[in-house]
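So this block is model-v8.cif, mmCIF, C-alpha atoms:
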data_my_file
loop_
_atom_site.label_atom_id
_atom_site.label_comp_id
_atom_site.auth_asym_id
_atom_site.auth_seq_id
_atom_site.Cartn_x
_atom_site.Cartn_y
_atom_site.Cartn_z
CA MET A 1 0.00 0.00 0.00
CA ARG A 2 1.16 3.53 -0.80
CA SER A 3 0.55 4.68 2.79
CA ASN A 4 3.18 2.19 3.98
CA PHE A 5 5.80 3.97 1.88
CA ILE A 6 4.81 7.34 3.33
CA ILE A 7 5.06 5.98 6.88
CA SER A 8 8.39 4.25 6.34
CA GLU A 9 10.06 7.02 4.38
CA THR A 10 8.91 9.78 6.75
CA ASP A 11 10.52 7.91 9.64
CA GLN A 12 13.72 7.31 7.68
CA LEU A 13 14.00 10.93 6.57
CA PHE A 14 13.50 12.14 10.13
CA GLU A 15 16.35 9.93 11.34
CA LEU A 16 18.65 10.88 8.46
CA ALA A 17 18.12 14.60 9.09
CA ALA A 18 18.42 14.21 12.86
CA ASP A 19 21.70 12.31 12.47
CA LYS A 20 23.15 14.96 10.16
CA LEU A 21 22.19 17.67 12.69
CA ASN A 22 23.46 15.63 15.66
CA LEU A 23 20.08 16.17 17.32
CA ASP A 24 20.10 15.04 20.94
CA ASP A 25 17.94 12.14 22.12
CA ASP A 26 15.58 14.28 24.22
CA LEU A 27 14.56 16.35 21.22
CA ARG A 28 14.23 13.29 19.03
CA GLN A 29 11.80 11.72 21.47
CA VAL A 30 9.64 14.85 21.60
CA LEU A 31 9.65 15.53 17.85
CA ARG A 32 9.12 11.95 16.73
CA VAL A 33 5.66 11.51 18.27
CA PRO A 34 2.44 13.56 18.00
CA TYR A 35 1.37 15.96 20.73
CA ARG A 36 -2.33 15.02 20.55
CA GLU A 37 -4.39 12.28 18.90
CA ILE A 38 -8.16 12.56 18.53
CA LYS A 39 -10.55 9.78 17.49
CA VAL A 40 -14.31 10.20 17.25
CA GLU A 41 -17.21 8.02 16.13
CA ILE A 42 -19.35 9.26 13.25
CA PRO A 43 -22.68 7.42 12.82
CA LEU A 44 -24.33 8.06 9.45
CA ARG A 45 -27.55 7.03 7.75
CA ASP A 46 -28.01 7.64 4.04
CA MET A 47 -31.18 8.44 2.12
CA THR A 48 -32.00 4.73 1.72
CA GLY A 49 -31.79 4.17 5.46
CA GLU A 50 -28.50 2.25 5.33
CA PHE A 51 -26.38 2.79 8.45
CA TYR A 52 -22.65 3.46 8.52
CA LEU A 53 -20.37 3.76 11.54
CA CYS A 54 -17.26 5.67 10.54
CA HIS A 55 -14.33 6.92 12.59
CA GLY A 56 -12.81 10.36 12.44
CA TYR A 57 -9.22 11.20 13.29
CA ARG A 58 -7.19 14.32 13.89
CA ILE A 59 -3.53 14.06 14.80
CA GLN A 60 -1.87 17.26 15.92
CA HIS A 61 1.81 16.49 15.60
CA ASN A 62 3.75 19.60 16.58
CA GLY A 63 2.62 23.16 17.26
CA ALA A 64 5.86 24.73 18.48
CA ARG A 65 6.00 27.15 15.53
CA GLY A 66 2.33 28.10 15.40
CA PRO A 67 -1.21 26.73 15.14
CA TYR A 68 -1.54 23.23 13.72
CA TYR A 69 -2.31 22.98 10.02
CA GLY A 70 -3.15 20.10 7.70
CA GLY A 71 -5.56 18.35 5.42
CA VAL A 72 -8.81 16.47 6.00
CA ASN A 73 -9.17 13.22 4.05
CA LEU A 74 -12.09 10.97 3.20
CA ASP A 75 -10.66 7.52 2.58
CA HIS A 76 -11.80 4.09 3.76
CA SER A 77 -8.15 2.96 4.12
CA LEU A 78 -7.16 5.71 6.56
CA SER A 79 -5.06 4.45 9.45
CA ARG A 80 -3.62 6.11 12.52
CA GLU A 81 -0.08 5.39 11.29
CA ALA A 82 -0.63 6.94 7.87
CA ILE A 83 -2.26 10.06 9.34
CA THR A 84 0.61 10.42 11.80
CA ALA A 85 3.13 10.29 8.95
CA MET A 86 1.19 12.88 6.94
CA ALA A 87 0.92 15.12 10.00
CA ALA A 88 4.68 14.87 10.49
CA ARG A 89 5.23 15.79 6.85
CA ASN A 90 3.11 18.90 7.36
CA VAL A 91 5.36 19.86 10.27
CA PHE A 92 8.33 19.64 7.92
CA LYS A 93 6.60 21.48 5.07
CA THR A 94 5.50 24.46 7.14
CA ALA A 95 8.91 24.77 8.80
CA LEU A 96 10.77 24.35 5.51
CA MET A 97 8.93 27.31 3.99
CA ASN A 98 9.17 29.29 7.25
CA VAL A 99 5.39 29.49 7.51
CA PRO A 100 4.35 30.06 11.16
CA PHE A 101 2.23 26.91 11.41
CA GLY A 102 2.68 23.52 13.01
CA GLY A 103 1.59 20.28 11.42
CA ALA A 104 -1.53 18.12 11.70
CA CYS A 105 -3.63 15.79 9.58
CA GLY A 106 -6.92 13.98 9.85
CA GLY A 107 -9.95 12.58 8.17
CA ILE A 108 -12.72 10.00 8.16
CA ASP A 109 -12.51 6.35 7.09
CA LEU A 110 -15.45 6.75 4.72
CA ASN A 111 -15.53 4.83 1.45
CA CYS A 112 -16.10 7.52 -1.17
CA ASP A 113 -16.71 5.15 -4.09
CA ASN A 114 -20.13 6.21 -5.41
CA THR A 115 -20.75 8.12 -2.18
CA PRO A 116 -22.99 11.15 -2.84
CA PHE A 117 -21.89 14.64 -1.89
CA ALA A 118 -24.68 14.85 0.70
CA LEU A 119 -23.30 11.90 2.69
CA ARG A 120 -19.75 13.23 2.56
CA GLU A 121 -21.04 16.60 3.73
CA MET A 122 -22.97 14.94 6.56
CA ALA A 123 -19.85 13.04 7.68
CA LEU A 124 -17.64 16.13 7.62
CA ARG A 125 -20.18 18.27 9.49
CA SER A 126 -20.43 15.62 12.21
CA TYR A 127 -16.62 15.37 12.33
CA THR A 128 -16.22 19.14 12.57
CA GLY A 129 -18.74 19.42 15.37
CA LYS A 130 -17.03 16.71 17.41
CA ILE A 131 -13.56 18.29 17.21
CA SER A 132 -14.63 21.97 17.05
CA SER A 133 -13.22 22.84 20.47
CA LEU A 134 -9.74 21.77 19.33
CA ILE A 135 -9.64 23.51 15.95
CA GLY A 136 -9.85 27.10 14.75
CA PRO A 137 -7.74 29.87 13.20
CA TYR A 138 -5.29 30.00 16.11
CA LYS A 139 -5.54 26.34 17.16
CA ASP A 140 -5.70 24.03 14.14
CA ILE A 141 -6.47 25.11 10.57
CA LEU A 142 -8.10 22.47 8.39
CA SER A 143 -7.35 22.25 4.67
CA THR A 144 -8.28 20.14 1.64
CA GLY A 145 -7.24 16.50 1.39
CA LYS A 146 -8.15 13.34 -0.48
CA ASN A 147 -11.78 13.44 -1.71
CA VAL A 148 -12.30 16.80 0.04
CA ASP A 149 -12.72 19.69 -2.38
CA PRO A 150 -13.31 23.44 -1.83
CA GLY A 151 -17.07 22.90 -1.66
CA LEU A 152 -16.67 20.52 1.28
CA MET A 153 -14.25 22.93 2.96
CA ALA A 154 -17.04 25.51 2.78
CA CYS A 155 -19.27 23.05 4.67
CA ILE A 156 -16.60 22.56 7.34
CA MET A 157 -16.28 26.34 7.74
CA ASP A 158 -20.05 26.68 8.01
CA GLU A 159 -20.31 23.94 10.66
CA TYR A 160 -17.50 25.48 12.69
CA GLY A 161 -19.28 28.82 12.38
CA LYS A 162 -22.45 27.44 13.99
CA ARG A 163 -20.50 27.18 17.24
CA HIS A 164 -18.06 30.06 16.96
CA GLY A 165 -19.64 32.59 14.59
CA TYR A 166 -18.55 33.32 11.04
CA VAL A 167 -14.79 32.64 11.02
CA HIS A 168 -13.52 32.26 7.46
CA SER A 169 -9.92 31.90 8.68
CA SER A 170 -10.84 28.61 10.37
CA VAL A 171 -10.16 26.61 7.18
CA THR A 172 -8.21 27.03 3.93
CA GLY A 173 -8.82 25.74 0.43
CA LYS A 174 -12.23 27.40 0.31
CA PRO A 175 -13.93 28.60 -2.90
CA GLU A 176 -12.92 32.13 -3.87
CA ALA A 177 -16.53 33.23 -3.32
CA LEU A 178 -16.05 32.41 0.37
CA SER A 179 -12.71 34.20 0.82
CA GLY A 180 -10.53 31.54 -0.75
CA THR A 181 -7.34 32.79 -2.39
CA ALA A 182 -6.77 33.38 -6.09
CA GLU A 183 -5.30 30.51 -8.13
CA ARG A 184 -5.05 28.15 -5.17
CA SER A 185 -5.76 25.17 -7.41
CA MET A 186 -2.56 25.92 -9.34
CA ALA A 187 -0.31 26.24 -6.28
CA LEU A 188 1.50 22.99 -7.06
CA VAL A 189 2.14 23.99 -10.67
CA THR A 190 3.33 27.45 -9.66
CA ALA A 191 5.72 26.02 -7.07
CA ALA A 192 7.13 23.47 -9.53
CA CYS A 193 7.75 26.16 -12.15
CA TYR A 194 9.50 28.49 -9.72
CA LEU A 195 11.68 25.64 -8.45
CA LEU A 196 12.61 24.54 -11.97
CA ASP A 197 13.68 28.09 -12.74
CA LEU A 198 15.68 28.41 -9.50
CA THR A 199 17.33 25.00 -9.96
CA ALA A 200 18.33 25.72 -13.54
CA ARG A 201 19.84 29.05 -12.55
CA GLY A 202 21.80 27.39 -9.75
CA MET A 203 23.13 24.80 -12.20
CA GLN A 204 23.78 27.50 -14.83
CA MET A 205 21.45 25.74 -17.23
CA GLN A 206 19.07 27.26 -19.74
CA LEU A 207 15.48 25.99 -19.50
CA GLN A 208 14.78 27.43 -22.91
CA GLY A 209 14.37 24.55 -25.35
CA MET A 210 14.63 21.77 -22.75
CA ARG A 211 12.30 18.80 -23.25
CA MET A 212 9.68 18.08 -20.58
CA ALA A 213 7.44 15.11 -19.71
CA ILE A 214 4.54 15.43 -17.26
CA ALA A 215 2.41 12.83 -15.47
CA ALA A 216 -0.40 14.58 -13.65
CA SER A 217 -4.11 15.28 -13.53
CA VAL A 218 -5.62 16.96 -16.58
CA GLU A 219 -6.06 20.15 -14.55
CA HIS A 220 -2.36 20.26 -13.68
CA ILE A 221 -1.24 19.32 -17.20
CA CYS A 222 -3.23 22.31 -18.48
CA GLY A 223 -1.67 24.46 -15.76
CA PHE A 224 1.83 23.52 -16.90
CA ILE A 225 0.87 24.25 -20.49
CA ASP A 226 -0.04 27.78 -19.39
CA CYS A 227 3.42 28.12 -17.79
CA MET A 228 5.41 27.04 -20.85
CA ASP A 229 5.99 30.61 -21.98
CA PHE A 230 7.59 31.34 -18.59
CA LEU A 231 9.73 28.19 -18.67
CA GLY A 232 10.53 28.11 -22.37
CA CYS A 233 10.44 24.29 -22.39
CA ILE A 234 9.14 21.92 -25.06
CA LEU A 235 6.45 19.49 -23.90
CA VAL A 236 7.20 16.08 -25.44
CA ALA A 237 5.18 13.66 -23.27
CA VAL A 238 2.08 13.65 -21.07
CA CYS A 239 0.58 10.90 -18.93
CA ASP A 240 -2.83 10.89 -17.23
CA GLY A 241 -2.48 7.57 -15.40
CA GLU A 242 -4.16 5.57 -18.17
CA CYS A 243 -1.62 6.02 -20.96
CA THR A 244 1.41 8.05 -22.01
CA VAL A 245 1.44 10.07 -25.22
CA TYR A 246 4.90 10.85 -26.59
CA PHE A 247 5.51 13.38 -29.36
CA PRO A 248 9.28 13.98 -29.74
CA ASP A 249 8.83 17.12 -31.86
CA GLY A 250 6.82 18.80 -29.10
CA PHE A 251 3.06 19.16 -28.78
CA ASP A 252 0.99 22.01 -30.16
CA LEU A 253 0.15 23.31 -26.69
CA ASP A 254 -3.05 25.14 -27.58
CA ASP A 255 -4.36 22.10 -29.44
CA LEU A 256 -3.50 19.70 -26.61
CA LYS A 257 -5.05 21.94 -23.95
CA GLY A 258 -8.21 22.43 -26.00
CA PHE A 259 -8.51 18.67 -26.46
CA LEU A 260 -8.09 17.96 -22.73
CA ILE A 261 -10.41 20.62 -21.35
CA GLN A 262 -13.23 19.25 -23.50
CA GLY A 263 -13.10 16.08 -21.39
CA ASN A 264 -11.54 13.82 -24.03
CA ARG A 265 -9.40 10.82 -23.09
CA LEU A 266 -5.70 11.43 -23.55
CA CYS A 267 -5.36 8.02 -25.25
CA ASP A 268 -7.61 9.33 -28.04
CA TYR A 269 -5.36 12.30 -28.86
CA HIS A 270 -4.67 12.45 -32.59
CA THR A 271 -0.92 13.12 -32.40
CA GLY A 272 2.01 11.23 -30.92
CA ASP A 273 2.98 7.70 -29.99
CA LYS A 274 0.66 5.93 -27.54
CA LEU A 275 2.75 4.29 -24.83
CA SER A 276 1.92 2.58 -21.56
CA VAL A 277 2.06 4.28 -18.17
CA ASP A 278 5.10 2.13 -17.35
CA ASP A 279 6.98 3.73 -20.25
CA PHE A 280 6.72 7.22 -18.75
CA ALA A 281 9.85 7.10 -16.55
CA GLY A 282 12.08 6.12 -19.47
CA ILE A 283 10.94 8.88 -21.83
CA GLU A 284 13.77 10.63 -23.70
CA THR A 285 13.52 14.02 -22.00
CA ASP A 286 15.46 16.59 -19.99
CA ILE A 287 12.86 17.21 -17.29
CA LEU A 288 10.59 14.56 -15.77
CA LEU A 289 7.62 15.51 -13.60
CA PRO A 290 5.93 12.44 -12.01
CA GLY A 291 2.74 13.24 -10.12
CA LEU A 292 0.57 10.11 -10.26
CA ASP A 293 0.78 6.91 -8.22
CA PRO A 294 1.25 4.58 -11.23
CA VAL A 295 4.47 6.39 -12.25
CA ALA A 296 6.20 6.31 -8.86
CA ILE A 297 9.92 5.57 -9.25
CA ASN A 298 11.62 2.80 -7.31
CA ALA A 299 15.28 1.73 -7.55
CA ASP A 300 14.68 -0.51 -10.58
CA ILE A 301 12.74 2.11 -12.50
CA ALA A 302 15.33 4.77 -11.61
CA HIS A 303 17.87 3.03 -13.86
CA ARG A 304 15.62 3.82 -16.84
CA VAL A 305 15.35 7.56 -16.15
CA LYS A 306 17.06 9.65 -18.83
CA ALA A 307 16.13 13.11 -17.53
CA ARG A 308 18.58 15.58 -16.00
CA LEU A 309 16.00 17.12 -13.66
CA LEU A 310 13.17 15.34 -11.86
CA VAL A 311 10.40 17.20 -10.04
CA GLU A 312 8.14 15.26 -7.64
CA LEU A 313 4.59 16.55 -7.89
CA LYS A 314 3.25 14.31 -5.12
CA ASP A 315 4.54 12.71 -1.92
CA THR A 316 6.84 9.70 -2.45
CA MET A 317 6.95 9.80 -6.21
CA VAL A 318 10.63 8.90 -5.84
CA PHE A 319 11.36 6.24 -3.23
CA LEU A 320 14.44 6.68 -1.06
CA SER A 321 15.91 3.56 -2.63
CA ALA A 322 15.74 5.38 -6.00
CA ASP A 323 17.44 8.53 -4.71
CA THR A 324 20.83 6.81 -4.57
CA VAL A 325 20.50 5.47 -8.12
CA LEU A 326 19.40 8.84 -9.49
CA GLY A 327 22.20 10.62 -7.64
CA GLU A 328 24.80 8.28 -9.15
CA LYS A 329 23.32 8.98 -12.60
CA GLY A 330 23.63 12.73 -12.00
CA VAL A 331 19.88 13.34 -11.96
CA VAL A 332 18.93 16.31 -9.77
CA VAL A 333 15.72 15.62 -7.83
CA ILE A 334 13.54 18.48 -6.61
CA PRO A 335 11.81 16.64 -3.76
CA ASP A 336 8.16 16.25 -2.89
CA VAL A 337 8.47 17.96 0.49
CA LEU A 338 9.62 21.13 -1.28
CA VAL A 339 7.31 21.10 -4.31
CA THR A 340 4.10 20.26 -2.44
CA SER A 341 4.92 23.00 0.06
CA GLY A 342 3.53 25.32 -2.59
CA ILE A 343 0.06 24.35 -1.38
CA VAL A 344 1.10 25.08 2.21
CA VAL A 345 2.33 28.55 1.27
CA MET A 346 -0.83 29.28 -0.70
CA ASP A 347 -2.97 28.20 2.25
CA TYR A 348 -0.93 30.46 4.50
CA PHE A 349 -1.66 33.35 2.13
CA GLU A 350 -5.37 32.54 2.32
CA TRP A 351 -5.21 32.52 6.13
CA ILE A 352 -3.36 35.87 6.16
CA GLN A 353 -5.93 37.48 3.87
CA ASN A 354 -8.80 36.15 6.00
CA ILE A 355 -7.19 37.40 9.22
CA GLN A 356 -6.54 40.83 7.70
CA GLN A 357 -9.97 40.98 6.01
CA PHE A 358 -8.14 42.03 2.86
CA ARG A 359 -8.01 40.38 -0.57
CA TRP A 360 -4.85 40.01 -2.65
CA ASP A 361 -5.01 39.91 -6.43
CA TYR A 362 -3.41 37.23 -8.58
CA ASP A 363 -0.20 39.21 -9.17
CA GLN A 364 0.38 39.82 -5.46
CA VAL A 365 -0.15 36.15 -4.65
CA ASN A 366 2.41 35.11 -7.26
CA GLU A 367 4.88 37.78 -6.19
CA GLU A 368 4.74 36.63 -2.57
CA MET A 369 5.00 32.97 -3.60
CA ALA A 370 8.15 33.73 -5.60
CA LYS A 371 9.73 35.42 -2.56
CA TYR A 372 9.12 32.42 -0.31
CA PHE A 373 10.59 29.91 -2.75
CA SER A 374 13.54 32.10 -3.67
CA GLU A 375 14.54 32.53 -0.01
CA THR A 376 14.04 28.86 0.85
CA PHE A 377 15.93 27.62 -2.19
CA LYS A 378 18.86 29.93 -1.44
CA ILE A 379 19.23 28.38 2.03
CA LEU A 380 18.83 24.84 0.67
CA ARG A 381 21.67 25.36 -1.79
CA GLU A 382 23.86 26.40 1.13
CA TYR A 383 22.87 23.24 3.02
CA THR A 384 23.57 20.96 0.05
CA ASN A 385 27.07 22.41 -0.25
CA LYS A 386 27.84 22.56 3.46
CA TYR A 387 26.63 19.07 4.37
CA GLU A 388 27.14 17.40 0.95
CA VAL A 389 23.56 16.13 0.77
CA ASN A 390 20.84 16.22 -1.87
CA TYR A 391 17.88 18.59 -1.82
CA ARG A 392 15.64 16.07 -0.08
CA ILE A 393 17.91 15.61 2.94
CA ALA A 394 18.71 19.33 2.98
CA SER A 395 14.98 20.14 3.10
CA TYR A 396 14.37 17.88 6.07
CA MET A 397 17.46 19.20 7.84
CA LEU A 398 16.39 22.83 7.46
CA ALA A 399 12.83 22.04 8.58
CA LEU A 400 13.92 19.91 11.54
CA GLU A 401 16.43 22.53 12.66
CA ARG A 402 13.71 25.19 12.75
CA VAL A 403 11.23 22.98 14.61
CA ALA A 404 13.91 21.92 17.11
CA ALA A 405 14.87 25.55 17.76
CA ALA A 406 11.24 26.54 18.42
CA THR A 407 10.77 23.51 20.68
CA ARG A 408 13.80 24.47 22.78
CA LEU A 409 12.84 28.15 22.96
CA ARG A 410 9.35 27.33 24.22
CA GLY A 411 10.78 25.12 26.94
CA TYR A 412 9.29 21.83 25.77
CA VAL A 413 12.63 20.10 26.32
#

Go through the file and emit its structure as structure tokens.
Amino acid sequence: MRSNFIISETDQLFELAADKLNLDDDLRQVLRVPYREIKVEIPLRDMTGEFYLCHGYRIQHNGARGPYYGGVNLDHSLSREAITAMAARNVFKTALMNVPFGGACGGIDLNCDNTPFALREMALRSYTGKISSLIGPYKDILSTGKNVDPGLMACIMDEYGKRHGYVHSSVTGKPEALSGTAERSMALVTAACYLLDLTARGMQMQLQGMRMAIAASVEHICGFIDCMDFLGCILVAVCDGECTVYFPDGFDLDDLKGFLIQGNRLCDYHTGDKLSVDDFAGIETDILLPGLDPVAINADIAHRVKARLLVELKDTMVFLSADTVLGEKGVVVIPDVLVTSGIVVMDYFEWIQNIQQFRWDYDQVNEEMAKYFSETFKILREYTNKYEVNYRIASYMLALERVAAATRLRGYV
């Protein structure tokens, strides 16, 4: 199961970073385990009268640097261990980007296959009511997660508001009509593009004319297409999880985007070679962007990678066992913890705007995002040189160092 990789690799990365920092045992004990674990029962009855007994979880891992923050998931396979690992990753992500939040995660073990919106809303409202005393804009800020979209976040905000008044800063990932932030859905794409630009500059490479292959949702593929003028790259392959389409001369971007936004299947696209999903990692390209579970890269698959740069668009797209292989091949990996922090930063911007009762426009959001990634990447380059580690280990070291410092200063150890 994918969650097992997240659990295992989060633990390993913590230990690797702690060893590099020579973190003392007292701090390791405090930072390794969550501060608070919440479990609630959620009885549900659907429109047909069928009864469900679900369980809701919220794990607040570390709040030394600010209020807890993290996603809410609807997934029948949720486990305490997986939620704990995701909460820990949120601690690292917020600290890495120097956002004044801690880390948490939660959700409900509800099977969302063919589950109507009304039942999901009912489950989340019950969940919110049961944990409402432990969440809020200065306690624990809930955000989107698996099977939880902006519309459901609006329901969570509304349910919280029944007990505490209208508090739009209580959750992030809301629709723009309810004080969500501009272009939040493209936060991952924006972060990846900024990081590609920063990495190329650091390596004294020109992105202009470099070949790119993307495996992502249709929404994110279209987002990257919109960024191609900024990057100057040539898109030669796309994968939607069902098939890979390879066109070595480079796609007509407007044509491809128009085809995808009409709801057509990528496999039916009129141009390019139709390959399997398994072929994606070995595509002849300069930049590889894996962002779907079927294209995750283990040690064996890593030997097939021909790209010079690899950008993880989702947690554990590159297994730790593959990092060594890719490093030996000279492939530079921009890690998941850094790329997916774009969503964290965007949620922080939403929270700031809600607190201030002031809206930012699209340009201001992007300008602030660029500042955060530029500053973080500058420090990470220093860490990679000083400690002779890759960007993944450097990211965890920087994050862990900041969390450890806050923990000491607040007298927790």

ask   = On this structure, which residues satisfy the PyMOL selection byres ((chain A and resi 165-174) around 9), written as a ChimeraX atom specification?
value = /A:135-144,149-154,156-158,160-164,175-181,184-185,346-348,350-355

Deliver the residues from the most recent selection as a file, using C-alpha atoms, as a short mmCIF file (atom, residue, chain, number, x, y, z; two decimals), in the coordinates of the input.
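Listed below is the output, result_38.cif:
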data_model
loop_
_atom_site.label_atom_id
_atom_site.label_comp_id
_atom_site.auth_asym_id
_atom_site.auth_seq_id
_atom_site.Cartn_x
_atom_site.Cartn_y
_atom_site.Cartn_z
CA ILE A 135 -9.64 23.51 15.95
CA GLY A 136 -9.85 27.10 14.75
CA PRO A 137 -7.74 29.87 13.20
CA TYR A 138 -5.29 30.00 16.11
CA LYS A 139 -5.54 26.34 17.16
CA ASP A 140 -5.70 24.03 14.14
CA ILE A 141 -6.47 25.11 10.57
CA LEU A 142 -8.10 22.47 8.39
CA SER A 143 -7.35 22.25 4.67
CA THR A 144 -8.28 20.14 1.64
CA ASP A 149 -12.72 19.69 -2.38
CA PRO A 150 -13.31 23.44 -1.83
CA GLY A 151 -17.07 22.90 -1.66
CA LEU A 152 -16.67 20.52 1.28
CA MET A 153 -14.25 22.93 2.96
CA ALA A 154 -17.04 25.51 2.78
CA ILE A 156 -16.60 22.56 7.34
CA MET A 157 -16.28 26.34 7.74
CA ASP A 158 -20.05 26.68 8.01
CA TYR A 160 -17.50 25.48 12.69
CA GLY A 161 -19.28 28.82 12.38
CA LYS A 162 -22.45 27.44 13.99
CA ARG A 163 -20.50 27.18 17.24
CA HIS A 164 -18.06 30.06 16.96
CA PRO A 175 -13.93 28.60 -2.90
CA GLU A 176 -12.92 32.13 -3.87
CA ALA A 177 -16.53 33.23 -3.32
CA LEU A 178 -16.05 32.41 0.37
CA SER A 179 -12.71 34.20 0.82
CA GLY A 180 -10.53 31.54 -0.75
CA THR A 181 -7.34 32.79 -2.39
CA ARG A 184 -5.05 28.15 -5.17
CA SER A 185 -5.76 25.17 -7.41
CA MET A 346 -0.83 29.28 -0.70
CA ASP A 347 -2.97 28.20 2.25
CA TYR A 348 -0.93 30.46 4.50
CA GLU A 350 -5.37 32.54 2.32
CA TRP A 351 -5.21 32.52 6.13
CA ILE A 352 -3.36 35.87 6.16
CA GLN A 353 -5.93 37.48 3.87
CA ASN A 354 -8.80 36.15 6.00
CA ILE A 355 -7.19 37.40 9.22
#

Among listed residues A:Glu312, A:Glu375, A:Asp252, A:Asp46, nearest Val189 of chain A (using all atoms listed in the file) =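 Result for the nearest residue to Val189 of chain A: A:Glu312.
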
query = Between A:Ala405, A:Val332, A:Cys243, A:Ala370, which has the minimum distance to Cys193 of chain A (counting only C-alpha atoms)?
reply =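 Ranking A:Ala405, A:Val332, A:Cys243, A:Ala370 by distance to Cys193 of chain A, first place goes to A:Ala370.
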
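One distance worth recording is that between atom CA of Val331 of chain A and atom CA of Arg308 of chain A, which is 4.8 Å.
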
ask   = On this structure, which residues satisfy the PyMOL selection byres ((chain A and resi 13) around 10), written as a ChimeraX atom specification?
value = /A:8-12,14-19,320,392-393,395-397

I'd like the residues picked by the PyMOL selection byres ((chain A and resi 56) around 9) written out as a compact mmCIF listing (two decimals) with C-alpha atoms, in the coordinates of the input, using the chain letters and numbers from the file.
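result_12.txt, freshly written:
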# COMPACT_ATOMS: atom_id res chain seq x y z
CA ILE A 38 -8.16 12.56 18.53
CA LYS A 39 -10.55 9.78 17.49
CA VAL A 40 -14.31 10.20 17.25
CA GLU A 41 -17.21 8.02 16.13
CA ILE A 42 -19.35 9.26 13.25
CA CYS A 54 -17.26 5.67 10.54
CA HIS A 55 -14.33 6.92 12.59
CA TYR A 57 -9.22 11.20 13.29
CA ARG A 58 -7.19 14.32 13.89
CA GLY A 106 -6.92 13.98 9.85
CA GLY A 107 -9.95 12.58 8.17
CA ILE A 108 -12.72 10.00 8.16
CA ASP A 109 -12.51 6.35 7.09
CA LEU A 110 -15.45 6.75 4.72
CA ALA A 123 -19.85 13.04 7.68
CA LEU A 124 -17.64 16.13 7.62
CA TYR A 127 -16.62 15.37 12.33

query = Pick from A:Glu367, A:Glu219, A:Asp24, A:Asp254: nearest to Ala191 of chain A, with only C-alpha atoms counted?
reply =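 The closest residue to Ala191 of chain A is A:Glu367.
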
ask   = Distance atom CA of Ser321 of chain A-atom CA of Asn298 of chain A, one decimal place?
value =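 Atom CA of Asn298 of chain A lies at a distance of 6.4 Å from atom CA of Ser321 of chain A.
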
ask   = atom CA of Glu81 of chain A and atom CA of Val33 of chain A, how far apart in Å?
value =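 One can read the atom CA of Val33 of chain A to atom CA of Glu81 of chain A distance as 10.9 Å.
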
query = If we count all atoms listed in the file, what is near Met212 of chain A at a cut-off of 7 Å, once residues fewer than 4 positions away on the same chain are taken out, given as a PyMOL selection string?
reply = chain A and resi 233-237+285-288

Restricting it to C-alpha atoms, dump the selection as a compact mmCIF listing (two decimals), in the frame of the given file.
# COMPACT_ATOMS: atom_id res chain seq x y z
CA CYS A 233 10.44 24.29 -22.39
CA ILE A 234 9.14 21.92 -25.06
CA LEU A 235 6.45 19.49 -23.90
CA VAL A 236 7.20 16.08 -25.44
CA ALA A 237 5.18 13.66 -23.27
CA THR A 285 13.52 14.02 -22.00
CA ASP A 286 15.46 16.59 -19.99
CA ILE A 287 12.86 17.21 -17.29
CA LEU A 288 10.59 14.56 -15.77

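Remark: for Leu198 of chain A, the closest of the candidate residues A:Ala406, A:Ala87, A:Ile334, A:Ile131 is A:Ile334 (distances computed over only C-alpha atoms).
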
task = Compare A:Met186, A:Val277, A:Leu31, A:Leu44 by their minimum atom-to-atom distance to Phe92 of chain A, counting only C-alpha atoms, and give me the closest one.
result =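 So, comparing all the options, the nearest one is A:Leu31.
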
message = So that I can check the surroundings of Asp361 of chain A, please list as a PyMOL selection string every protein, DNA and RNA residue that reaches within 10 Å of it, counting all atoms listed in the file and ignoring chain neighbours fewer than 2 positions away.
response = chain A and resi 181-183+359+363-366
